[in-house]
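What follows is the content of my_file-v6.txt, which has compact mmCIF, C-alpha atoms:
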```
# COMPACT_ATOMS: atom_id res chain seq x y z
CA MET Q 1 125.91 83.59 51.99
CA ALA Q 2 127.66 85.89 54.43
CA VAL Q 3 130.12 86.91 51.70
CA VAL Q 4 127.27 87.75 49.32
CA ALA Q 5 125.53 89.77 52.04
CA TRP Q 6 128.65 91.80 52.64
CA VAL Q 7 129.08 92.48 48.93
CA PHE Q 8 125.54 93.88 48.95
CA LEU Q 9 126.30 95.96 52.05
CA PHE Q 10 129.47 97.42 50.53
CA ALA Q 11 127.51 98.28 47.36
CA LEU Q 12 124.85 100.09 49.41
CA LEU Q 13 127.52 101.88 51.40
CA THR Q 14 129.20 103.09 48.23
CA GLY Q 15 126.03 104.07 46.40
CA SER Q 16 124.50 105.90 49.33
CA GLY Q 17 127.51 108.20 49.54
CA LEU Q 18 128.34 108.72 45.88
CA TYR Q 19 125.03 108.75 44.03
CA LEU Q 20 125.18 112.27 42.69
CA GLY Q 21 122.35 114.48 43.85
CA GLY Q 22 121.61 112.68 47.09
CA ALA Q 23 117.93 112.12 46.46
CA ARG Q 24 118.13 110.73 42.94
CA ARG Q 25 115.18 108.43 42.35
CA GLU Q 26 117.29 106.23 40.08
CA PHE Q 27 119.20 104.98 43.10
CA ALA Q 28 116.07 103.65 44.80
CA GLY Q 29 115.51 100.75 42.36
CA PRO Q 30 118.98 99.17 42.71
CA ALA Q 31 118.93 99.86 46.46
CA PHE Q 32 115.62 98.02 46.88
CA LEU Q 33 116.95 95.09 44.86
CA LEU Q 34 120.03 94.89 47.07
CA ALA Q 35 117.78 95.02 50.14
CA GLY Q 36 115.79 92.11 48.72
CA GLY Q 37 119.04 90.20 48.31
CA LEU Q 38 119.93 90.91 51.94
CA TRP Q 39 116.57 89.53 53.09
CA VAL Q 40 117.13 86.36 51.04
CA CYS Q 41 120.61 85.92 52.55
CA LEU Q 42 119.19 86.49 56.02
CA ALA Q 43 116.45 83.91 55.43
CA LEU Q 44 119.04 81.36 54.33
CA ARG Q 45 121.09 82.18 57.42
CA ILE Q 46 118.06 81.53 59.64
CA VAL Q 47 117.38 78.20 57.91
CA GLU Q 48 121.04 77.22 58.30
CA GLY Q 49 120.91 78.05 62.01
CA TRP Q 50 117.66 76.10 62.46
CA ARG Q 51 119.15 72.99 60.82
CA SER Q 52 122.24 73.16 63.01
CA GLY Q 53 120.24 73.81 66.17
CA ARG Q 54 121.53 77.39 66.63
CA ARG Q 55 119.16 80.31 67.13
CA VAL Q 56 119.95 83.25 64.85
CA LEU Q 57 117.38 85.92 65.76
CA ASP Q 58 116.76 87.20 69.30
CA TRP Q 59 114.68 89.73 71.25
CA MET Q 60 116.75 92.62 69.90
CA ASP Q 61 115.34 91.96 66.41
CA ALA Q 62 111.67 91.87 67.45
CA PRO Q 63 110.95 95.64 67.08
CA VAL Q 64 112.21 95.57 63.47
CA PHE Q 65 109.73 92.86 62.46
CA LEU Q 66 106.94 94.39 64.54
CA PHE Q 67 107.33 97.78 62.89
CA LEU Q 68 107.65 96.39 59.35
CA GLY Q 69 104.56 94.27 59.87
CA TYR Q 70 102.59 97.19 61.28
CA ALA Q 71 103.81 99.48 58.47
CA ALA Q 72 102.73 96.92 55.85
CA TRP Q 73 99.23 97.00 57.34
CA ALA Q 74 99.28 100.81 57.51
CA VAL Q 75 100.09 101.01 53.77
CA GLN Q 76 96.55 99.83 53.02
CA ARG Q 77 95.01 102.87 54.71
CA ALA Q 78 97.41 105.55 53.45
CA PRO Q 79 96.01 108.37 51.27
CA CYS Q 80 98.42 107.42 48.46
CA GLU Q 81 99.29 103.74 48.35
CA TYR Q 82 102.19 104.22 45.91
CA PHE Q 83 104.02 106.70 48.16
CA ALA Q 84 103.29 104.47 51.15
CA ARG Q 85 104.72 101.38 49.44
CA VAL Q 86 107.90 103.25 48.52
CA GLU Q 87 108.32 104.38 52.14
CA TRP Q 88 107.79 100.82 53.34
CA LEU Q 89 110.52 99.66 50.95
CA TRP Q 90 112.93 102.19 52.45
CA ALA Q 91 112.07 100.99 55.96
CA SER Q 92 112.58 97.40 54.80
CA LEU Q 93 116.01 98.35 53.42
CA TYR Q 94 117.08 99.85 56.75
CA GLY Q 95 115.81 96.78 58.59
CA ALA Q 96 117.71 94.46 56.24
CA VAL Q 97 120.95 96.38 56.75
CA PHE Q 98 120.60 96.36 60.56
CA LEU Q 99 119.82 92.63 60.73
CA SER Q 100 122.56 91.74 58.24
CA VAL Q 101 125.18 93.63 60.22
CA ARG Q 102 124.04 91.83 63.37
CA HIS Q 103 123.84 88.30 61.97
CA GLN Q 104 125.99 88.15 58.83
CA LEU Q 105 129.13 89.67 60.33
CA GLY Q 106 131.97 87.16 60.29
CA GLY Q 107 133.49 88.36 63.55
CA ARG Q 108 134.61 91.82 64.62
CA ARG Q 109 137.61 91.64 62.31
CA MET Q 110 135.29 92.90 59.54
CA ILE Q 111 134.37 96.08 61.38
CA PRO Q 112 137.56 98.09 60.58
CA TRP Q 113 137.12 97.16 56.93
CA ILE Q 114 133.52 98.35 56.72
CA LEU Q 115 134.25 101.53 58.68
CA GLY Q 116 137.37 102.18 56.60
CA TRP Q 117 135.40 101.77 53.38
CA PHE Q 118 132.77 104.14 54.71
CA LEU Q 119 135.45 106.74 55.42
CA ALA Q 120 136.94 106.32 51.93
CA VAL Q 121 133.54 106.99 50.35
CA ALA Q 122 132.97 109.95 52.69
CA PHE Q 123 136.39 111.34 51.69
CA LEU Q 124 135.44 111.28 47.99
CA THR Q 125 132.11 112.89 48.79
CA GLU Q 126 133.73 115.68 50.78
CA LEU Q 127 136.52 116.12 48.22
CA TYR Q 128 133.87 116.85 45.59
CA GLY Q 129 132.43 119.39 48.00
CA PHE Q 130 135.75 121.21 48.45
CA LEU Q 131 136.40 121.26 44.70
CA HIS Q 132 133.08 123.02 44.06
CA PHE Q 133 132.73 125.04 47.24
CA ARG Q 134 131.52 128.63 46.72
CA THR Q 135 132.31 128.70 43.02
CA GLY Q 136 129.17 130.63 42.01
CA ALA Q 137 126.65 127.79 41.70
CA TYR Q 138 126.86 124.37 43.27
CA PRO Q 139 126.83 121.64 40.56
CA ILE Q 140 125.39 118.18 41.16
CA GLY Q 141 126.56 115.66 38.60
CA PRO Q 142 126.80 114.93 35.77
CA VAL Q 143 126.99 111.12 35.67
CA PRO Q 144 126.93 110.26 31.94
CA ILE Q 145 126.92 106.49 32.47
CA LEU Q 146 123.57 106.80 34.28
CA GLY Q 147 122.19 109.46 31.98
CA TRP Q 148 122.15 112.16 34.67
CA GLU Q 149 122.73 115.71 33.51
CA MET Q 150 124.38 118.34 35.65
CA VAL Q 151 122.03 120.24 37.93
CA GLU Q 152 123.11 123.61 39.31
CA ARG Q 153 121.98 124.62 42.81
CA PRO Q 154 122.72 128.35 43.16
CA ASP Q 155 120.76 128.44 46.44
CA TYR Q 156 123.35 126.09 47.97
CA GLU Q 157 126.42 127.91 46.65
CA ALA Q 158 127.34 129.16 50.13
CA ARG Q 159 126.96 125.72 51.76
CA MET Q 160 128.96 122.57 51.13
CA SER Q 161 126.86 119.66 49.88
CA GLY Q 162 129.44 117.14 48.65
CA THR Q 163 127.81 114.75 46.18
CA PHE Q 164 124.48 115.19 47.97
CA GLY Q 165 121.71 117.44 46.76
CA CYS Q 166 121.11 118.81 50.24
CA PRO Q 167 123.70 120.25 52.66
CA ASN Q 168 121.64 119.05 55.65
CA HIS Q 169 121.86 115.42 54.46
CA PHE Q 170 125.53 115.91 53.68
CA GLY Q 171 126.20 117.31 57.16
CA ASN Q 172 124.44 114.40 58.87
CA TYR Q 173 126.37 111.98 56.68
CA LEU Q 174 129.69 113.49 57.80
CA VAL Q 175 128.61 113.37 61.45
CA GLN Q 176 128.33 109.59 61.10
CA ALA Q 177 131.62 109.43 59.20
CA GLY Q 178 133.35 111.38 61.97
CA LEU Q 179 132.04 109.01 64.64
CA ALA Q 180 133.22 106.03 62.59
CA ALA Q 181 136.67 107.66 62.33
CA VAL Q 182 136.86 108.24 66.09
CA THR Q 183 135.98 104.57 66.62
CA LEU Q 184 138.92 103.51 64.45
CA VAL Q 185 141.23 105.86 66.36
CA VAL Q 186 140.60 103.85 69.55
CA TRP Q 187 140.25 100.45 67.85
CA PRO Q 188 142.49 97.88 69.60
CA ASP Q 189 145.39 96.44 67.59
CA LEU Q 190 144.95 98.90 64.71
CA ALA Q 191 148.28 100.10 63.31
CA TRP Q 192 149.24 103.63 64.33
CA PRO Q 193 149.49 104.97 60.75
CA LEU Q 194 145.89 103.87 60.20
CA ARG Q 195 144.85 105.49 63.48
CA ALA Q 196 146.48 108.73 62.32
CA ILE Q 197 144.57 108.58 59.03
CA ALA Q 198 141.35 107.95 60.94
CA GLY Q 199 142.08 110.94 63.19
CA TRP Q 200 142.66 113.15 60.16
CA SER Q 201 139.40 111.85 58.67
CA ALA Q 202 137.53 112.76 61.87
CA ALA Q 203 138.92 116.31 61.69
CA ALA Q 204 138.09 116.62 57.97
CA SER Q 205 134.54 115.41 58.59
CA SER Q 206 134.15 118.01 61.33
CA VAL Q 207 135.24 120.76 58.92
CA GLY Q 208 132.71 119.50 56.38
CA VAL Q 209 129.93 119.59 58.97
CA GLY Q 210 130.82 123.20 59.74
CA LEU Q 211 130.91 124.25 56.08
CA SER Q 212 127.56 122.60 55.38
CA ILE Q 213 126.13 125.28 57.73
CA SER Q 214 123.56 122.70 58.82
CA ARG Q 215 122.44 123.63 62.32
CA GLY Q 216 120.95 120.22 63.00
CA SER Q 217 124.13 118.50 61.84
CA PHE Q 218 126.22 120.72 64.10
CA LEU Q 219 124.07 119.81 67.11
CA GLY Q 220 124.26 116.13 66.14
CA TRP Q 221 128.05 116.40 65.84
CA LEU Q 222 128.28 118.10 69.22
CA ILE Q 223 126.13 115.52 71.01
CA GLY Q 224 127.54 112.43 69.25
CA ASN Q 225 131.18 113.37 69.79
CA GLY Q 226 130.39 114.55 73.30
CA VAL Q 227 128.95 111.14 74.14
CA TRP Q 228 131.98 109.38 72.65
CA LEU Q 229 134.45 111.67 74.43
CA GLY Q 230 132.68 111.44 77.79
CA ARG Q 231 132.52 107.67 77.62
CA TRP Q 232 136.17 107.36 76.62
CA LEU Q 233 137.33 109.74 79.36
CA ARG Q 234 135.48 107.63 81.89
CA ARG Q 235 136.79 104.27 80.63
CA GLY Q 236 140.01 105.19 78.81
CA PRO Q 237 143.59 104.43 79.94
CA LEU Q 238 144.61 108.04 80.78
CA ASN Q 239 145.02 109.22 84.36
CA TRP Q 240 143.24 112.35 85.61
CA ALA Q 241 146.02 114.66 84.42
CA GLY Q 242 146.03 113.18 80.92
CA LYS Q 243 142.23 113.41 80.74
CA LEU Q 244 142.36 117.04 81.82
CA VAL Q 245 144.94 117.87 79.14
CA LEU Q 246 142.92 116.08 76.47
CA LEU Q 247 139.70 117.79 77.52
CA SER Q 248 141.45 121.16 77.46
CA LEU Q 249 142.72 120.53 73.93
CA VAL Q 250 139.25 119.54 72.74
CA VAL Q 251 137.62 122.60 74.30
CA GLY Q 252 140.33 124.84 72.85
CA ALA Q 253 139.91 123.36 69.36
CA LEU Q 254 136.13 123.79 69.55
CA ALA Q 255 136.49 127.39 70.73
CA GLY Q 256 138.90 128.12 67.88
CA ALA Q 257 136.53 126.59 65.33
CA LEU Q 258 133.62 128.65 66.64
CA SER Q 259 135.76 131.78 66.48
CA LEU Q 260 136.60 131.10 62.83
CA ALA Q 261 132.93 130.42 62.09
CA ARG Q 262 131.93 133.76 63.59
CA GLY Q 263 134.24 135.44 61.10
CA ASP Q 264 132.47 133.83 58.13
CA GLU Q 265 129.71 136.13 56.89
CA LYS Q 266 127.67 133.38 55.22
CA ILE Q 267 127.74 131.11 58.25
CA MET Q 268 126.62 133.90 60.58
CA LYS Q 269 123.90 135.01 58.16
CA ARG Q 270 122.28 131.59 58.42
CA TRP Q 271 122.43 131.57 62.21
CA ASP Q 272 121.00 135.12 62.30
CA MET Q 273 118.08 133.87 60.21
CA LEU Q 274 117.32 131.44 63.01
CA LEU Q 275 117.94 133.56 66.12
CA GLY Q 276 117.41 137.07 64.79
CA LYS Q 277 119.18 140.12 66.07
CA LYS Q 278 120.77 140.32 69.48
CA GLY Q 279 118.16 140.11 72.20
CA GLU Q 280 115.50 138.24 70.17
CA GLY Q 281 117.06 134.77 70.41
CA TRP Q 282 114.79 132.08 71.84
CA GLU Q 283 111.61 134.16 71.50
CA ARG Q 284 112.09 134.34 67.75
CA LEU Q 285 113.02 130.67 67.53
CA LEU Q 286 110.07 129.32 69.54
CA SER Q 287 107.60 131.59 67.75
CA GLY Q 288 108.37 129.80 64.49
CA GLU Q 289 109.64 132.98 62.80
CA GLY Q 290 113.27 131.95 63.01
CA ASP Q 291 112.82 128.55 61.39
CA PHE Q 292 109.87 127.19 59.42
CA ARG Q 293 110.55 123.75 60.93
CA ILE Q 294 109.05 124.93 64.23
CA GLU Q 295 105.80 125.82 62.48
CA LEU Q 296 105.87 122.53 60.56
CA ALA Q 297 106.30 120.58 63.79
CA ARG Q 298 103.31 122.36 65.31
CA ASN Q 299 101.22 121.68 62.22
CA GLY Q 300 102.34 118.06 62.33
CA LEU Q 301 101.19 117.64 65.91
CA GLU Q 302 97.77 119.02 64.99
CA ILE Q 303 97.56 116.61 62.05
CA TRP Q 304 98.54 113.73 64.33
CA LYS Q 305 95.72 114.59 66.74
CA GLN Q 306 93.26 113.83 63.93
CA ALA Q 307 94.35 110.14 63.97
CA PRO Q 308 96.29 109.72 67.24
CA TRP Q 309 96.46 105.93 67.51
CA PHE Q 310 97.24 104.67 64.01
CA GLY Q 311 98.20 107.84 62.14
CA HIS Q 312 97.23 108.66 58.58
CA GLY Q 313 99.48 106.06 56.92
CA PRO Q 314 103.07 106.00 55.60
CA ALA Q 315 104.18 109.08 53.62
CA SER Q 316 100.90 110.83 54.46
CA PHE Q 317 102.16 114.03 56.10
CA ASP Q 318 102.90 115.64 52.73
CA LEU Q 319 99.36 115.08 51.44
CA GLU Q 320 97.67 116.00 54.70
CA HIS Q 321 99.68 119.20 55.00
CA LEU Q 322 98.65 120.31 51.51
CA ARG Q 323 95.21 120.87 53.03
CA TRP Q 324 96.61 122.99 55.86
CA ALA Q 325 95.13 126.45 55.31
CA ALA Q 326 97.43 128.16 57.84
CA TRP Q 327 100.58 127.33 55.83
CA LYS Q 328 101.50 130.54 54.01
CA LYS Q 329 105.08 129.81 52.93
CA GLY Q 330 104.05 128.96 49.36
CA THR Q 331 106.24 125.84 49.14
CA ARG Q 332 105.31 122.21 49.50
CA ALA Q 333 106.39 120.62 52.79
CA VAL Q 334 107.09 116.95 52.06
CA PHE Q 335 108.32 116.25 55.61
CA THR Q 336 108.02 117.94 58.98
CA HIS Q 337 111.85 117.98 59.32
CA ASN Q 338 111.23 116.34 62.69
CA ASP Q 339 111.43 112.55 62.65
CA TYR Q 340 109.45 112.18 65.87
CA VAL Q 341 106.51 114.28 64.69
CA ASN Q 342 106.66 112.69 61.23
CA THR Q 343 106.42 109.23 62.79
CA LEU Q 344 103.40 110.27 64.86
CA CYS Q 345 101.64 111.73 61.81
CA ASP Q 346 102.24 108.72 59.60
CA TYR Q 347 102.11 105.81 62.05
CA GLY Q 348 100.37 107.18 65.14
CA ALA Q 349 101.10 106.28 68.74
CA VAL Q 350 101.23 102.55 67.92
CA GLY Q 351 103.93 102.96 65.29
CA PHE Q 352 105.80 105.42 67.51
CA PHE Q 353 105.77 102.77 70.27
CA PHE Q 354 107.37 100.16 67.98
CA VAL Q 355 110.09 102.62 66.95
CA SER Q 356 110.68 103.59 70.60
CA LEU Q 357 110.84 99.90 71.52
CA PHE Q 358 113.76 99.48 69.11
CA TRP Q 359 115.71 102.32 70.75
CA ILE Q 360 114.87 101.04 74.24
CA TYR Q 361 116.07 97.53 73.35
CA LEU Q 362 119.22 98.99 71.78
CA ALA Q 363 119.93 101.06 74.90
CA LEU Q 364 119.55 97.97 77.10
CA PHE Q 365 121.80 95.99 74.76
CA LEU Q 366 124.51 98.67 74.78
CA TRP Q 367 124.26 99.11 78.56
CA HIS Q 368 124.75 95.37 79.09
CA ARG Q 369 127.68 95.30 76.68
CA GLY Q 370 129.28 98.25 78.44
CA LYS Q 371 129.04 96.43 81.77
CA SER Q 372 130.24 93.03 80.54
CA ARG Q 373 133.14 94.00 78.23
CA GLY Q 374 136.60 95.31 79.05
CA SER Q 375 137.30 98.99 78.38
CA ASP Q 376 140.09 98.12 75.92
CA SER Q 377 138.16 95.50 73.92
CA LYS Q 378 136.82 95.66 70.39
CA ALA Q 379 133.32 95.03 71.73
CA ASP Q 380 133.64 98.11 73.93
CA ALA Q 381 134.71 100.24 70.96
CA CYS Q 382 131.62 99.05 69.08
CA THR Q 383 129.51 99.89 72.12
CA GLY Q 384 130.90 103.43 72.16
CA LEU Q 385 130.06 103.83 68.47
CA GLY Q 386 126.56 102.54 69.16
CA TRP Q 387 125.95 105.02 71.99
CA SER Q 388 127.29 107.97 69.98
CA VAL Q 389 125.29 107.16 66.83
CA ARG Q 390 122.17 106.54 68.95
CA ARG Q 391 122.57 110.08 70.46
```
structure tokens encoding of this file:
Amino acid sequence: MAVVAWVFLFALLTGSGLYLGGARREFAGPAFLLAGGLWVCLALRIVEGWRSGRRVLDWMDAPVFLFLGYAAWAVQRAPCEYFARVEWLWASLYGAVFLSVRHQLGGRRMIPWILGWFLAVAFLTELYGFLHFRTGAYPIGPVPILGWEMVERPDYEARMSGTFGCPNHFGNYLVQAGLAAVTLVVWPDLAWPLRAIAGWSAAASSVGVGLSISRGSFLGWLIGNGVWLGRWLRRGPLNWAGKLVLLSLVVGALAGALSLARGDEKIMKRWDMLLGKKGEGWERLLSGEGDFRIELARNGLEIWKQAPWFGHGPASFDLEHLRWAAWKKGTRAVFTHNDYVNTLCDYGAVGFFFVSLFWIYLALFLWHRGKSRGSDSKADACTGLGWSVRR
């Protein structure tokens, strides 16, 4: 069943990067079916382990089941049960992928294959972005075999979106692709030509993040790669002189990229929208005038206070915020654009605790692995990827 599970995982990996439009509802049905298949494979794996006297699940998996169980209960009290059920299905999909990677992986020899496939899909996604970058109106699609017509997004013409319908999602996607590429660069026993390709892929992903002009993606890229670099400098094979040279090259490359970005009118226009003119900076940002997400986060916290322990139910923020009289932007805010506040609104402090428990357990797991594995081992490379993605 492990082979079947990995076929499902590769299908999800491909579809999640290449389904044109990013948020196409048509992708949800097949994705949920594949997630159901992963749960069946996982159940059979557990039964197989029980019969052979080997335990499959452990304490690291407990938060996943706790949250899914709590979310299933919360669906019953949500303002719209349909929206809540769909959100629970997405959470179930993520849980199935995480558990399948943990327990259906046939050894670490599969990791370069899955990361390499991820990078190949990311390359096609970014290639589409370069081919249609700043050409007047950004086209999404068409995909005739699925009956999808082309959709033009003139509001995103200045920002690269790849095959996604949103440059912010595209930017976050490339942040993950870049971290996967860096992991392959340091992967033990990987042939040098493949390391060079992975290094080029990391650089290309970084360029895509910059051209998406997604401020959140840029911060995620900075933190994730900073964590990876800091960890590798501390545990890597270079002496102090080599580390100093490498750090100088990285800082120089980053400074050069920022200098080029400052010369791009469209990139600077978006940053000026956030920070305002010289001298306004943080005051404008924290007031909510620079970015509507600040105001949404504040509204979300007020909505959470109305049901602090159990929240309003999955996918409820959208419906609760429609009643928010102070919102004057004239557009519907489906999410807070802040995962922490969104979790509090929908699931309350109890649901937030279960989510936090997962990250705490993961941090403990990665810390133990970092202490018990050699700095040049495959397990240590996986640990570095885990820390950087966790960022």
Point to revise | Residue neighbourhood Q:Gly136, 10 Å, only C-alpha atoms, exclusion window fewer than 5 positions, as a ChimeraX atom specification | key: /Q:152-158
Practice item. Write out as a list in words which residues come within 12 Å of Q:Leu44 when counting all atoms listed in the file, dropping same-chain ones fewer than 3 positions away. Key: Met1, Ala2, Val4, Ala5, Gly37, Leu38, Trp39, Val40, Cys41, Val47, Glu48, Gly49, Trp50, Arg51, Val56, Ser100, His103 and Gln104 of chain Q
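Going from atom CA of Q:Leu244 to atom CA of Q:Trp232 covers 12.6 Å.
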What are the centre and edge lengths in Å, to one decimal, of the axis-aligned box around all listed atoms of stretch 45-51 of chain Q with 8 Å added on each side, as AutoDock Vina command-line options?
```
--center_x 119.2 --center_y 77.6 --center_z 59.9 --size_x 19.7 --size_y 25.2 --size_z 21.0
```
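Atom CA of Q:Ile213 to atom CA of Q:Ala122 spans 17.5 Å [interatomic distance, one decimal].
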**Study point:** One-decimal distance in Å that lies between atom CA of Q:Ala71 and atom CA of Q:Phe354
**Key:** 10.2 Å
Review point. Using only C-alpha atoms, which residues sit within 6 Å of Q:Ala181 once same-chain residues fewer than 2 positions away are excluded, as a list in words?
Key: Gly178, Leu179, Thr183, Leu184, Ala198 and Ala202 of chain Q
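In terms of minimum interatomic distance to Q:Gly162, Q:Leu211 ranks closest within Q:Ala96, Q:Leu211, Q:Leu190, Q:Leu301, counting all atoms listed in the file.
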Point to revise | Sel. within 12 Å of pt (126.8, 126.4, 44.5), counting all atoms listed in the file, output as JSON, numbers by chain | key: {"Q": [128, 129, 130, 131, 132, 133, 134, 135, 136, 137, 138, 139, 140, 151, 152, 153, 154, 155, 156, 157, 158, 159, 160, 161, 162, 163, 164, 165, 166, 167, 212]}
